[in-house]
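Below is entry-v5.cif, holding mmCIF, C-alpha atoms.
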```cif
data_model
#
loop_
_atom_site.label_atom_id
_atom_site.label_comp_id
_atom_site.auth_asym_id
_atom_site.auth_seq_id
_atom_site.Cartn_x
_atom_site.Cartn_y
_atom_site.Cartn_z
CA MET G 12 -132.74 67.92 -33.25
CA LYS G 13 -131.73 68.61 -36.86
CA LEU G 14 -129.47 65.53 -36.76
CA LEU G 15 -132.34 63.11 -36.14
CA PRO G 16 -133.25 62.66 -39.85
CA LEU G 17 -129.69 61.43 -40.43
CA LEU G 18 -130.12 58.42 -38.12
CA PRO G 19 -132.15 56.27 -40.57
CA LEU G 20 -129.54 56.92 -43.25
CA LEU G 21 -126.78 55.94 -40.85
CA PHE G 22 -128.53 52.66 -40.03
CA ILE G 23 -128.92 51.91 -43.74
CA LEU G 24 -125.23 52.51 -44.38
CA LEU G 25 -124.24 50.29 -41.47
CA TYR G 26 -126.57 47.55 -42.75
CA LEU G 27 -125.08 47.72 -46.25
CA ALA G 28 -121.58 47.58 -44.79
CA SER G 29 -122.45 44.48 -42.80
CA CYS G 30 -123.81 42.86 -45.96
CA LYS G 31 -120.56 43.61 -47.73
CA ASP G 32 -118.55 42.03 -44.94
CA ASN G 33 -120.74 38.92 -44.89
CA CYS G 34 -121.00 38.34 -48.63
CA GLU G 35 -120.15 34.79 -49.65
CA ASP G 36 -119.10 32.96 -52.77
CA LEU G 37 -121.83 31.34 -54.86
CA GLN G 38 -121.28 28.02 -56.61
CA ILE G 39 -123.11 27.96 -59.93
CA GLY G 40 -121.80 24.71 -61.36
CA THR G 41 -119.22 21.93 -61.41
CA VAL G 42 -116.65 21.02 -64.06
CA ASN G 43 -114.67 17.78 -64.01
CA LEU G 44 -111.50 16.88 -65.86
CA GLY G 45 -112.08 15.39 -69.30
CA SER G 46 -111.43 11.65 -69.45
CA PRO G 47 -108.28 12.02 -71.63
CA SER G 48 -106.76 14.46 -69.15
CA THR G 49 -106.43 12.07 -66.23
CA SER G 50 -103.86 10.09 -68.28
CA PHE G 51 -101.48 13.04 -67.90
CA THR G 52 -101.16 12.30 -64.17
CA PRO G 53 -101.29 8.48 -64.26
CA TYR G 54 -99.40 7.59 -61.09
CA GLU G 55 -100.91 6.47 -57.80
CA GLU G 56 -99.75 7.18 -54.26
CA GLY G 57 -96.47 5.43 -53.48
CA GLU G 58 -95.91 4.16 -57.03
CA GLN G 59 -92.24 3.88 -58.02
CA LEU G 60 -90.66 4.53 -61.43
CA LEU G 61 -87.19 3.27 -62.37
CA PHE G 62 -85.13 5.00 -65.06
CA GLN G 63 -81.71 3.82 -66.29
CA ASN G 64 -79.03 5.29 -68.57
CA GLU G 65 -76.76 3.44 -71.00
CA GLN G 66 -74.08 3.04 -68.31
CA GLY G 67 -76.53 1.24 -66.02
CA GLU G 68 -76.91 4.14 -63.58
CA GLN G 69 -80.40 4.40 -62.18
CA LEU G 70 -82.86 7.01 -60.93
CA ILE G 71 -85.73 5.79 -58.76
CA PHE G 72 -88.72 8.10 -58.27
CA THR G 73 -91.49 7.65 -55.69
CA ASN G 74 -94.80 9.35 -56.38
CA GLN G 75 -97.03 11.40 -54.13
CA ARG G 76 -100.54 11.89 -55.51
CA VAL G 77 -102.52 14.99 -54.52
CA ASP G 78 -106.20 15.40 -55.46
CA GLU G 79 -107.07 19.09 -55.47
CA ASN G 80 -110.32 21.04 -55.38
CA PHE G 81 -110.42 24.66 -56.46
CA ARG G 82 -112.71 27.37 -57.81
CA ILE G 83 -112.95 28.89 -61.26
CA CYS G 84 -114.32 32.40 -60.65
CA ILE G 85 -116.69 33.53 -63.39
CA LYS G 86 -118.08 36.81 -62.07
CA ASN G 87 -117.26 39.01 -59.09
CA ILE G 88 -120.38 39.60 -57.01
CA CYS G 89 -119.22 41.28 -53.83
CA SER G 90 -116.29 43.26 -52.44
CA SER G 91 -115.80 43.40 -48.70
CA LEU G 92 -114.97 46.67 -47.00
CA ASP G 93 -112.20 44.76 -45.27
CA PRO G 94 -109.09 45.25 -47.47
CA TYR G 95 -107.66 41.93 -46.25
CA LYS G 96 -110.59 39.91 -47.61
CA THR G 97 -110.74 38.74 -51.22
CA LYS G 98 -113.66 39.45 -53.53
CA SER G 99 -116.53 37.02 -53.56
CA CYS G 100 -117.56 35.50 -56.87
CA GLU G 101 -119.82 33.15 -58.75
CA TYR G 102 -117.73 30.09 -59.41
CA TYR G 103 -117.52 26.59 -60.83
CA ALA G 104 -116.13 23.89 -58.55
CA ALA G 105 -113.24 22.18 -60.36
CA GLN G 106 -110.79 19.38 -59.74
CA GLY G 107 -107.08 18.89 -60.29
CA ILE G 108 -104.58 16.05 -59.92
CA ARG G 109 -100.93 16.48 -58.99
CA ASN G 110 -98.18 13.84 -59.23
CA ILE G 111 -95.02 14.73 -57.30
CA LEU G 112 -92.20 12.35 -58.19
CA ARG G 113 -89.11 12.54 -55.98
CA ALA G 114 -85.74 10.84 -56.34
CA ASP G 115 -82.66 10.89 -54.10
CA GLY G 116 -81.18 14.31 -53.58
CA ASP G 117 -83.14 17.33 -54.78
CA LEU G 118 -84.41 15.84 -58.06
CA GLN G 119 -88.16 16.27 -58.46
CA ILE G 120 -90.67 16.07 -61.31
CA GLU G 121 -94.15 17.47 -60.85
CA LEU G 122 -97.04 16.70 -63.22
CA VAL G 123 -100.25 18.70 -62.81
CA VAL G 124 -103.55 18.70 -64.68
CA SER G 125 -106.36 21.16 -63.91
CA THR G 126 -109.22 23.01 -65.62
CA GLU G 127 -109.22 26.64 -66.77
CA ASN G 128 -111.73 28.98 -68.43
CA TYR G 129 -110.97 30.37 -71.91
CA GLY G 130 -110.58 34.11 -71.45
CA LYS G 131 -112.26 35.37 -74.63
CA ALA G 132 -115.33 33.13 -74.53
CA LYS G 133 -118.75 34.79 -74.54
CA ASP G 134 -120.11 31.51 -73.22
CA LEU G 135 -118.25 29.31 -70.77
CA ILE G 136 -115.56 27.29 -72.51
CA PHE G 137 -113.34 25.20 -70.28
CA TYR G 138 -110.04 23.51 -71.14
CA ASP G 139 -107.79 21.14 -69.21
CA PHE G 140 -104.25 22.37 -68.68
CA PHE G 141 -101.21 20.15 -68.17
CA THR G 142 -97.91 21.34 -66.70
CA ALA G 143 -94.65 19.50 -66.08
CA ASN G 144 -92.00 20.93 -63.77
CA PHE G 145 -88.44 19.61 -63.45
CA SER G 146 -86.22 20.76 -60.59
CA GLY G 147 -82.82 19.65 -59.36
CA SER G 148 -79.21 19.65 -60.54
CA GLY G 149 -79.25 23.41 -60.02
CA THR G 150 -81.96 24.04 -62.59
CA GLN G 151 -85.71 24.47 -62.94
CA GLU G 152 -87.63 23.76 -66.14
CA ARG G 153 -91.31 24.05 -66.98
CA GLY G 154 -93.52 23.00 -69.88
CA GLU G 155 -97.23 23.43 -70.57
CA PHE G 156 -99.83 21.84 -72.84
CA ILE G 157 -103.58 22.16 -73.41
CA ALA G 158 -104.68 18.59 -72.83
CA TYR G 159 -108.38 18.81 -73.62
CA TRP G 160 -111.08 21.25 -74.73
CA HIS G 161 -114.48 20.74 -73.12
CA SER G 162 -116.09 22.54 -76.09
CA LEU G 163 -115.22 22.65 -79.78
CA VAL G 164 -112.75 25.50 -80.34
CA SER G 165 -111.19 25.62 -83.81
CA ASP G 166 -109.29 28.91 -83.66
CA PHE G 167 -108.42 29.64 -80.05
CA GLU G 168 -106.03 32.50 -79.35
CA VAL G 169 -103.08 31.52 -77.17
CA ASP G 170 -103.03 34.86 -75.38
CA GLN G 171 -106.53 34.13 -74.08
CA THR G 172 -105.25 30.99 -72.33
CA ILE G 173 -102.64 30.71 -69.58
CA LEU G 174 -100.21 28.90 -71.92
CA LYS G 175 -96.80 30.58 -71.65
CA THR G 176 -94.11 27.88 -72.03
CA PRO G 177 -95.49 25.31 -74.50
CA MET G 178 -94.05 21.81 -74.70
CA VAL G 179 -92.67 20.56 -78.01
CA GLU G 180 -94.97 18.02 -79.69
CA GLN G 181 -93.38 15.23 -81.73
CA GLU G 182 -95.18 12.51 -83.69
CA ASN G 183 -92.36 10.11 -82.93
CA VAL G 184 -88.90 10.27 -81.44
CA GLU G 185 -86.12 7.69 -81.09
CA LEU G 186 -84.30 7.68 -77.77
CA LEU G 187 -81.99 5.07 -76.27
CA GLY G 188 -82.76 2.65 -79.08
CA LYS G 189 -86.55 2.88 -78.67
CA THR G 190 -89.17 4.70 -80.71
CA TYR G 191 -91.86 6.63 -78.85
CA GLU G 192 -94.98 8.07 -80.47
CA ASP G 193 -97.08 11.15 -79.73
CA VAL G 194 -94.48 12.66 -77.42
CA LEU G 195 -94.34 15.91 -75.47
CA GLN G 196 -90.84 17.18 -74.72
CA MET G 197 -89.98 19.74 -72.07
CA GLY G 198 -86.71 21.23 -70.92
CA ASN G 199 -83.54 23.02 -72.00
CA ALA G 200 -79.84 22.92 -71.22
CA GLY G 201 -79.75 19.16 -70.84
CA ASN G 202 -82.51 18.82 -68.22
CA GLY G 203 -86.11 17.84 -68.85
CA VAL G 204 -88.55 15.05 -69.63
CA TYR G 205 -90.15 13.19 -72.52
CA PHE G 206 -93.80 12.34 -71.94
CA GLU G 207 -95.73 9.88 -74.11
CA LYS G 208 -99.45 10.71 -74.27
CA GLY G 209 -101.63 8.01 -72.79
CA LYS G 210 -98.68 6.45 -70.98
CA GLY G 211 -96.65 8.93 -68.97
CA LEU G 212 -92.96 9.66 -68.50
CA VAL G 213 -90.72 7.58 -70.77
CA VAL G 214 -87.35 9.36 -70.75
CA ILE G 215 -85.71 11.80 -68.36
CA GLU G 216 -82.73 13.97 -69.27
CA LYS G 217 -80.50 14.97 -66.37
CA SER G 218 -77.33 17.02 -66.92
CA GLY G 219 -77.31 15.96 -70.58
CA VAL G 220 -77.65 12.23 -69.86
CA LEU G 221 -80.77 10.29 -70.93
CA TYR G 222 -82.45 7.81 -68.58
CA GLY G 223 -85.11 5.52 -70.04
CA LEU G 224 -88.05 4.02 -68.19
CA VAL G 225 -87.43 0.41 -67.14
CA GLU G 226 -90.67 -1.53 -67.52
#
```

Can you give me the file's structure in the form of structure tokens?
Amino acid sequence: MKLLPLLPLLFILLYLASCKDNCEDLQIGTVNLGSPSTSFTPYEEGEQLLFQNEQGEQLIFTNQRVDENFRICIKNICSSLDPYKTKSCEYYAAQGIRNILRADGDLQIELVVSTENYGKAKDLIFYDFFTANFSGSGTQERGEFIAYWHSLVSDFEVDQTILKTPMVEQENVELLGKTYEDVLQMGNAGNGVYFEKGKGLVVIEKSGVLYGLVE
């Protein structure tokens, strides 16, 4: 009979446990890519790009476009008792765009733009993040760039962003007899890309050989 007072407590604990297991994410807002950012993934599904070197050899890329939806978690609100379930959170619904350009063989260039939250912000400050990945010829290269700030940030700290392998910015660069302006360059050891802001890929370097975009 002395155990009877424990029954209400047991029911309460079981109820709280069930709440923990049924907790759900809560959307508190939406953030879209800034208008300048969509120019960093400018290619449509099935679009082809032709690049040619000085010897007339060509690389032809075909694009796959992927529109992505993801969450930017702002605050954890619930942890399930089930260790295999992730924490629930208050989140902003965000969008991303991925261009996957493939050529013959294993050569692939991936361009991705998405939105992130500045880590040190007291208020929500979002920025759009651009990455370029080059793979093939036995190598993998990556470059990153902050494409757009959704709020005015004059003195951001890099370690509070996810920027780890920044691209090289150049006001202008001459390649294959042409001058390109406002260029981002990514890659080492003779493999990488040159990206002209507002336009897209203009030159690809593969095994030390430059291939220019044929327009």

Quick one: apply the PyMOL selection byres ((chain G and resi 63-76) around 7) to the file and drop the selected residues here as an NGL selection string.
:G and (54-62 or 77-78 or 109-114 or 221-225)

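Coordinates place CA of Gln106 (chain G) at a distance of 7.5 Å from CA of Val42 (chain G).
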
Select, from G:Gly211, G:Gly147, G:Gly188, G:Gly107, the residue with the minimum atom-to-atom distance to Phe81 (chain G), counting all atoms listed in the file.
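Result for the nearest residue to Phe81 (chain G): G:Gly107.
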
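Restricting the calculation to only C-alpha atoms, the smallest distance between Trp160 (chain G) and any of G:Gln181, G:Gln196, G:Thr126, G:Gln38 is found for G:Thr126.
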
Excluding Met178 (chain G) and any residue of its chain fewer than 4 positions from it, enumerate the residues within 12 Å of it, using all atoms listed in the file, and give them as a PyMOL selection string.
chain G and resi 140-144+152-158+174+194-199+203-206

Scan for residues within 12 Å of the point (-106.4, 31.5, -79.1) in the coordinates of the file, using all atoms listed in the file, and reply as a ChimeraX atom specification.
/G:129-132,138,157,164-174

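What separates CA of Ser48 (chain G) from CA of Tyr102 (chain G) is a distance of 21.4 Å.
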
Report as a ChimeraX atom specification the full result of the PyMOL selection byres ((chain G and resi 37) around 10) when it is applied to this structure.
/G:34-36,38-40,84,86-88,99-103

Can you measure CA of Thr150 (chain G) to CA of Asp193 (chain G) for me? One decimal in Å is fine.
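A separation of 26.2 Å between them.
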
For each of G:Ala200, G:Gly116, G:Glu192, G:Ile85, take the minimum atom-to-atom distance to Ala104 (chain G), counting only C-alpha atoms, then give the residue where this is smallest.
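Among the listed residues, G:Ile85 lies closest to Ala104 (chain G).
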
Among listed residues G:Ile83, G:Leu186, G:Val220, G:Ile136, nearest His161 (chain G) (using only C-alpha atoms)
G:Ile136
